[in-house]
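Source file: upload.txt. Holds: compact mmCIF, C-alpha atoms.
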```txt
# COMPACT_ATOMS: atom_id res chain seq x y z
CA MET A 1 -249.97 118.42 137.19
CA ALA A 2 -247.66 118.04 140.17
CA ALA A 3 -244.58 120.14 140.62
CA PRO A 4 -241.20 118.53 139.78
CA GLU A 5 -240.10 118.70 143.43
CA SER A 6 -243.24 117.10 144.76
CA ILE A 7 -243.00 114.05 147.00
CA TYR A 8 -245.51 112.26 144.84
CA ASN A 9 -242.94 111.98 142.14
CA LEU A 10 -240.94 109.53 144.27
CA LEU A 11 -243.70 106.94 144.16
CA PRO A 12 -243.36 104.29 141.42
CA ARG A 13 -245.78 104.71 138.61
CA LEU A 14 -247.16 102.11 136.26
CA GLN A 15 -245.80 102.62 132.77
CA GLN A 16 -248.43 102.13 130.18
CA PRO A 17 -247.16 100.46 126.96
CA PRO A 18 -247.47 102.54 123.86
CA ALA A 19 -250.48 101.85 121.74
CA VAL A 20 -249.65 99.48 118.87
CA PRO A 21 -251.36 100.29 115.60
CA PRO A 22 -253.39 97.49 114.06
CA ARG A 23 -251.47 95.09 111.77
CA TYR A 24 -251.85 95.62 108.07
CA ILE A 25 -253.71 92.83 106.34
CA SER A 26 -254.12 92.87 102.60
CA THR A 27 -257.57 92.61 101.18
CA PHE A 28 -256.27 90.08 98.58
CA ARG A 29 -254.93 87.66 101.21
CA PRO A 30 -257.70 85.03 101.01
CA SER A 31 -257.61 84.90 97.21
CA VAL A 32 -253.81 84.54 97.15
CA LYS A 33 -253.92 81.83 99.81
CA GLN A 34 -256.50 79.92 97.83
CA GLU A 35 -254.41 80.08 94.63
CA ILE A 36 -251.28 78.82 96.44
CA GLU A 37 -253.15 75.87 97.93
CA LYS A 38 -254.47 74.92 94.51
CA SER A 39 -251.04 74.98 92.83
CA LYS A 40 -249.11 73.23 95.65
CA ALA A 41 -249.18 69.42 95.73
CA GLN A 42 -249.45 67.44 98.91
CA TRP A 43 -246.11 66.58 100.64
CA LYS A 44 -244.19 68.58 98.07
CA THR A 45 -242.07 70.64 100.41
CA MET A 46 -242.19 69.11 103.89
CA GLY A 47 -242.85 65.42 103.20
CA PRO A 48 -245.69 63.26 104.48
CA ALA A 49 -247.63 64.39 107.49
CA LYS A 50 -247.02 61.18 109.42
CA VAL A 51 -243.98 58.96 108.90
CA ALA A 52 -244.30 55.27 109.71
CA VAL A 53 -242.10 54.29 112.64
CA PRO A 54 -239.88 51.25 111.87
CA SER A 55 -240.82 48.10 113.71
CA PRO A 56 -238.30 46.73 116.24
CA LYS A 57 -238.76 43.27 114.74
CA ASN A 58 -237.25 44.36 111.40
CA PHE A 59 -233.73 44.86 112.74
CA LEU A 60 -230.62 44.43 110.58
CA LYS A 61 -229.58 40.80 110.54
CA LYS A 62 -226.24 39.21 109.80
CA HIS A 63 -225.45 38.53 106.10
CA SER A 64 -228.76 40.14 105.12
CA LYS A 65 -227.14 42.55 102.63
CA GLU A 66 -224.93 39.96 100.93
CA PRO A 67 -225.86 38.95 97.35
CA LYS A 68 -227.89 35.77 97.23
CA LEU A 69 -227.86 33.14 94.49
CA PRO A 70 -231.10 32.50 92.63
CA ALA A 71 -233.16 29.53 93.65
CA ARG A 72 -232.20 26.25 92.02
CA LYS A 73 -234.53 25.05 89.31
CA LYS A 74 -236.03 21.59 89.23
CA GLU A 75 -234.48 20.84 85.83
CA GLN A 76 -231.01 21.02 87.30
CA ASP A 77 -231.96 18.57 90.03
CA SER A 78 -233.37 16.11 87.52
CA LYS A 79 -230.14 15.98 85.49
CA LYS A 80 -228.29 12.72 85.80
CA LEU A 81 -224.68 12.56 86.84
CA PRO A 82 -222.14 11.53 84.16
CA ALA A 83 -221.21 7.89 84.00
CA LEU A 84 -218.11 6.99 85.98
CA SER A 85 -215.12 5.60 84.11
CA VAL A 86 -214.13 3.55 87.15
CA PRO A 87 -216.33 0.57 87.99
CA ARG A 88 -218.27 0.74 91.18
CA ARG A 89 -217.53 -1.36 94.18
CA THR A 90 -220.71 -3.33 93.75
CA ASP A 91 -220.10 -4.11 90.04
CA HIS A 92 -218.90 -7.61 89.10
CA PRO A 93 -216.77 -8.42 86.03
CA VAL A 94 -218.21 -10.44 83.17
CA MET A 95 -216.93 -13.99 83.45
CA GLY A 96 -216.60 -16.80 80.91
CA ILE A 97 -215.74 -14.76 77.77
CA GLN A 98 -213.00 -16.38 75.66
CA SER A 99 -211.33 -15.06 72.49
CA LYS A 100 -210.56 -17.33 69.51
CA LYS A 101 -207.78 -15.08 68.23
CA ASN A 102 -204.33 -16.67 67.89
CA PHE A 103 -202.02 -13.98 69.16
CA ILE A 104 -198.86 -15.99 68.38
CA ASN A 105 -199.65 -16.31 64.68
CA THR A 106 -200.74 -12.67 64.35
CA ASN A 107 -197.56 -11.46 66.03
CA ALA A 108 -195.43 -13.70 63.80
CA VAL A 109 -197.15 -12.45 60.62
CA ALA A 110 -196.76 -8.83 61.74
CA ALA A 111 -193.05 -9.38 62.40
CA ILE A 112 -192.48 -11.06 59.00
CA THR A 113 -194.45 -8.61 56.87
CA GLY A 114 -193.52 -5.45 58.77
CA LEU A 115 -190.74 -3.13 57.63
CA PRO A 116 -187.54 -3.33 59.62
CA LYS A 117 -186.88 -0.43 61.94
CA LYS A 118 -184.10 1.80 60.74
CA PRO A 119 -181.45 2.40 63.36
CA GLN A 120 -180.57 5.97 64.20
CA PRO A 121 -177.19 7.01 62.79
CA ILE A 122 -174.72 7.48 65.60
CA TYR A 123 -171.06 8.22 66.00
CA VAL A 124 -168.49 7.35 68.62
CA ASP A 125 -165.71 9.70 69.56
CA ARG A 126 -163.25 6.93 70.36
CA ARG A 127 -162.99 3.16 70.38
CA GLN A 128 -164.49 2.65 73.81
CA GLY A 129 -166.31 5.97 74.02
CA ASP A 130 -169.93 7.00 74.33
CA LYS A 131 -172.41 7.03 71.47
CA TYR A 132 -173.94 10.27 70.16
CA LEU A 133 -176.53 11.05 67.51
CA LEU A 134 -174.97 11.86 64.16
CA GLU A 135 -177.66 14.33 63.04
CA THR A 136 -177.07 16.84 65.82
CA SER A 137 -173.30 16.45 65.83
CA GLY A 138 -172.60 18.78 62.90
CA LEU A 139 -170.69 16.14 60.91
CA VAL A 140 -173.54 15.64 58.44
CA PRO A 141 -173.74 18.28 55.65
CA LYS A 142 -177.31 19.15 56.57
CA TYR A 143 -177.40 22.93 56.07
CA ILE A 144 -175.23 22.95 52.93
CA LYS A 145 -177.84 20.97 51.00
CA LYS A 146 -180.67 23.38 51.78
CA LYS A 147 -182.32 25.24 48.90
CA ASP A 148 -181.74 28.68 50.39
CA TYR A 149 -178.15 27.97 51.44
CA GLY A 150 -175.81 30.83 50.48
CA ILE A 151 -178.67 33.17 49.50
CA THR A 152 -178.83 36.47 51.31
CA PRO A 153 -182.11 36.88 53.20
CA LYS A 154 -184.59 39.44 51.96
CA TYR A 155 -184.58 41.49 55.15
CA VAL A 156 -180.79 41.90 54.93
CA THR A 157 -180.91 43.15 51.32
CA GLN A 158 -183.78 45.48 52.19
CA ARG A 159 -181.87 46.88 55.14
CA THR A 160 -178.71 47.44 53.07
CA GLU A 161 -180.73 49.27 50.42
CA GLU A 162 -182.31 51.48 53.06
CA THR A 163 -178.91 52.33 54.57
CA LYS A 164 -177.47 53.14 51.12
CA LYS A 165 -180.42 55.36 50.32
CA ALA A 166 -180.12 57.16 53.65
CA GLN A 167 -176.37 57.67 53.09
CA LYS A 168 -177.00 59.02 49.59
CA ASP A 169 -179.63 61.46 50.86
CA TYR A 170 -177.27 62.62 53.59
CA GLU A 171 -174.46 63.20 51.10
CA THR A 172 -176.74 65.23 48.81
CA GLN A 173 -177.86 67.36 51.74
CA VAL A 174 -174.25 67.96 52.78
CA LEU A 175 -173.29 68.98 49.23
CA GLU A 176 -176.21 71.39 49.01
CA PHE A 177 -175.28 72.90 52.36
CA LEU A 178 -171.64 73.31 51.30
CA LYS A 179 -172.70 74.92 48.02
CA LYS A 180 -174.80 77.43 49.91
CA LYS A 181 -171.99 78.19 52.35
CA ALA A 182 -169.23 78.16 49.72
CA MET A 183 -167.19 81.31 49.06
CA LYS A 184 -168.34 83.41 46.16
CA GLN A 185 -165.78 84.17 43.46
CA LEU A 186 -165.66 87.90 42.80
CA SER A 187 -165.27 89.44 39.39
CA ASP A 188 -162.52 91.92 38.45
CA GLU A 189 -164.84 94.88 38.78
CA GLU A 190 -166.00 93.80 42.24
CA ARG A 191 -162.41 93.31 43.36
CA GLU A 192 -161.48 96.77 42.13
CA ASN A 193 -164.43 98.28 43.98
CA LEU A 194 -163.43 96.39 47.11
CA LEU A 195 -159.87 97.69 46.87
CA GLN A 196 -161.08 101.26 46.42
CA GLY A 197 -163.36 100.87 49.43
CA LEU A 198 -160.45 99.65 51.57
CA LYS A 199 -158.35 102.63 50.50
CA LYS A 200 -161.19 104.99 51.30
CA ASN A 201 -161.57 103.47 54.76
CA TRP A 202 -157.82 103.82 55.32
CA GLU A 203 -157.96 107.50 54.36
CA GLU A 204 -160.82 108.11 56.81
CA VAL A 205 -158.98 106.37 59.65
CA HIS A 206 -155.75 108.19 58.73
CA HIS A 207 -157.56 111.54 58.75
CA GLU A 208 -158.97 110.75 62.18
CA PHE A 209 -155.47 109.76 63.34
CA GLN A 210 -154.02 113.05 62.09
CA CYS A 211 -156.68 114.97 64.00
CA LEU A 212 -155.49 113.62 67.33
CA SER A 213 -154.03 116.03 69.85
CA VAL A 214 -150.27 116.40 70.06
CA GLU A 215 -150.13 115.68 73.76
CA ILE A 216 -151.68 112.33 74.65
CA ASP A 217 -151.61 112.20 78.42
CA THR A 218 -154.85 110.42 79.38
CA ILE A 219 -155.76 106.76 79.18
CA PRO A 220 -158.79 107.22 76.84
CA LYS A 221 -156.61 109.14 74.37
CA LYS A 222 -153.98 106.41 74.45
CA LEU A 223 -156.58 103.70 73.89
CA HIS A 224 -158.14 105.63 71.01
CA LYS A 225 -154.72 106.12 69.38
CA ALA A 226 -153.89 102.40 69.73
CA LYS A 227 -157.25 101.47 68.21
CA LEU A 228 -156.70 103.72 65.19
CA GLU A 229 -153.19 102.36 64.67
CA SER A 230 -154.43 98.75 64.72
CA GLN A 231 -157.20 99.61 62.22
CA MET A 232 -154.71 101.28 59.90
CA LYS A 233 -152.35 98.30 60.07
CA GLN A 234 -155.17 95.88 59.26
CA LEU A 235 -156.37 97.99 56.33
CA GLU A 236 -152.81 98.33 54.98
CA HIS A 237 -152.39 94.55 55.20
CA ASP A 238 -155.67 93.94 53.34
CA ILE A 239 -154.85 96.52 50.65
CA ASP A 240 -151.40 95.03 50.08
CA LYS A 241 -152.86 91.53 49.79
CA LYS A 242 -155.57 92.58 47.33
CA THR A 243 -153.12 94.49 45.12
CA LYS A 244 -150.82 91.45 44.93
CA ILE A 245 -153.73 89.21 43.90
CA LEU A 246 -154.85 91.65 41.21
CA LYS A 247 -151.32 91.96 39.80
CA ALA A 248 -150.89 88.18 39.71
CA GLU A 249 -154.20 87.71 37.86
CA LYS A 250 -153.33 90.43 35.32
CA ARG A 251 -150.00 88.73 34.57
CA ASN A 252 -151.73 85.41 33.97
```

Show this structure as structure tokens.
Amino acid sequence: MAAPESIYNLLPRLQQPPAVPPRYISTFRPSVKQEIEKSKAQWKTMGPAKVAVPSPKNFLKKHSKEPKLPARKKEQDSKKLPALSVPRRTDHPVMGIQSKKNFINTNAVAAITGLPKKPQPIYVDRRQGDKYLLETSGLVPKYIKKKDYGITPKYVTQRTEETKKAQKDYETQVLEFLKKKAMKQLSDEERENLLQGLKKNWEEVHHEFQCLSVEIDTIPKKLHKAKLESQMKQLEHDIDKKTKILKAEKRN
């Protein structure tokens, strides 16, 4: 082995590639390959091996993709055209035919035996005015003589009945609602209990008012005092009113 400072180390050396170990091949590879080839159909994954190249003669032509009518049948061709109501140019009229009918006598008999034509009734607005039909003028009592003249139609009577029924239902609902919301009449015992409760509330508020401090110098104290005074006034008013009602009922 040469020394590290040897001049031979400056020469380029051929680097040998590392030895590659042999590739692993399973011993079951041929059997697996055979099974896959048996189960796989031809062209299943990649398509046919060789695809036919389109011919340059089969190019896309104009109106080739438009829908086409079916071919005409021979029966339709054999059908005859309908006869014309107008004579052709080559046709000649039948000549020499004479009728033995006496039109003068037939017309005279029809005029004698026929019923005379009734003239339409008309009216004139003035002596030298225009004539108008009398039926559409309104002068003839046409609608008065009808069978159903003056009779109320069925749909009108039905509608009036429906409106009356709806009004009646509404009134009953309103009465029920008012009965539910109506004031309850108290008995004598309940009134006495109510009066005692008002007096008790007044005593509680009065006791709280008496417990106030002598010197009221702050805003909260003033507000609290005013609130208690208003409550006492309201309770006194209610008590006075209830006592008057009780006295009046006892007198009666």

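For the atom pair formed by atom CA of Thr136 of chain A and atom CA of Gly150 of chain A, the distance is 20.8 Å, given to one decimal.
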
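Here atom CA of Lys222 of chain A is placed at a distance of 18.5 Å from atom CA of Gln234 of chain A.
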
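You will find atom CA of Glu236 of chain A at 26.5 Å from atom CA of Ala182 of chain A.
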
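In terms of minimum interatomic distance to Lys247 of chain A, A:Arg191 ranks closest within A:Lys227, A:Arg191, A:Lys40, A:Lys184, counting only C-alpha atoms.
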
With 3 Å on each side, where is the centre of the axis-aligned box around all listed atoms of segment 164-179 of chain A, and how long are its edges in Å to one decimal, as lines of an AutoDock Vina configuration file?
```
center_x = -176.0
center_y = 64.0
center_z = 50.8
size_x = 14.8
size_y = 27.8
size_z = 11.6
```
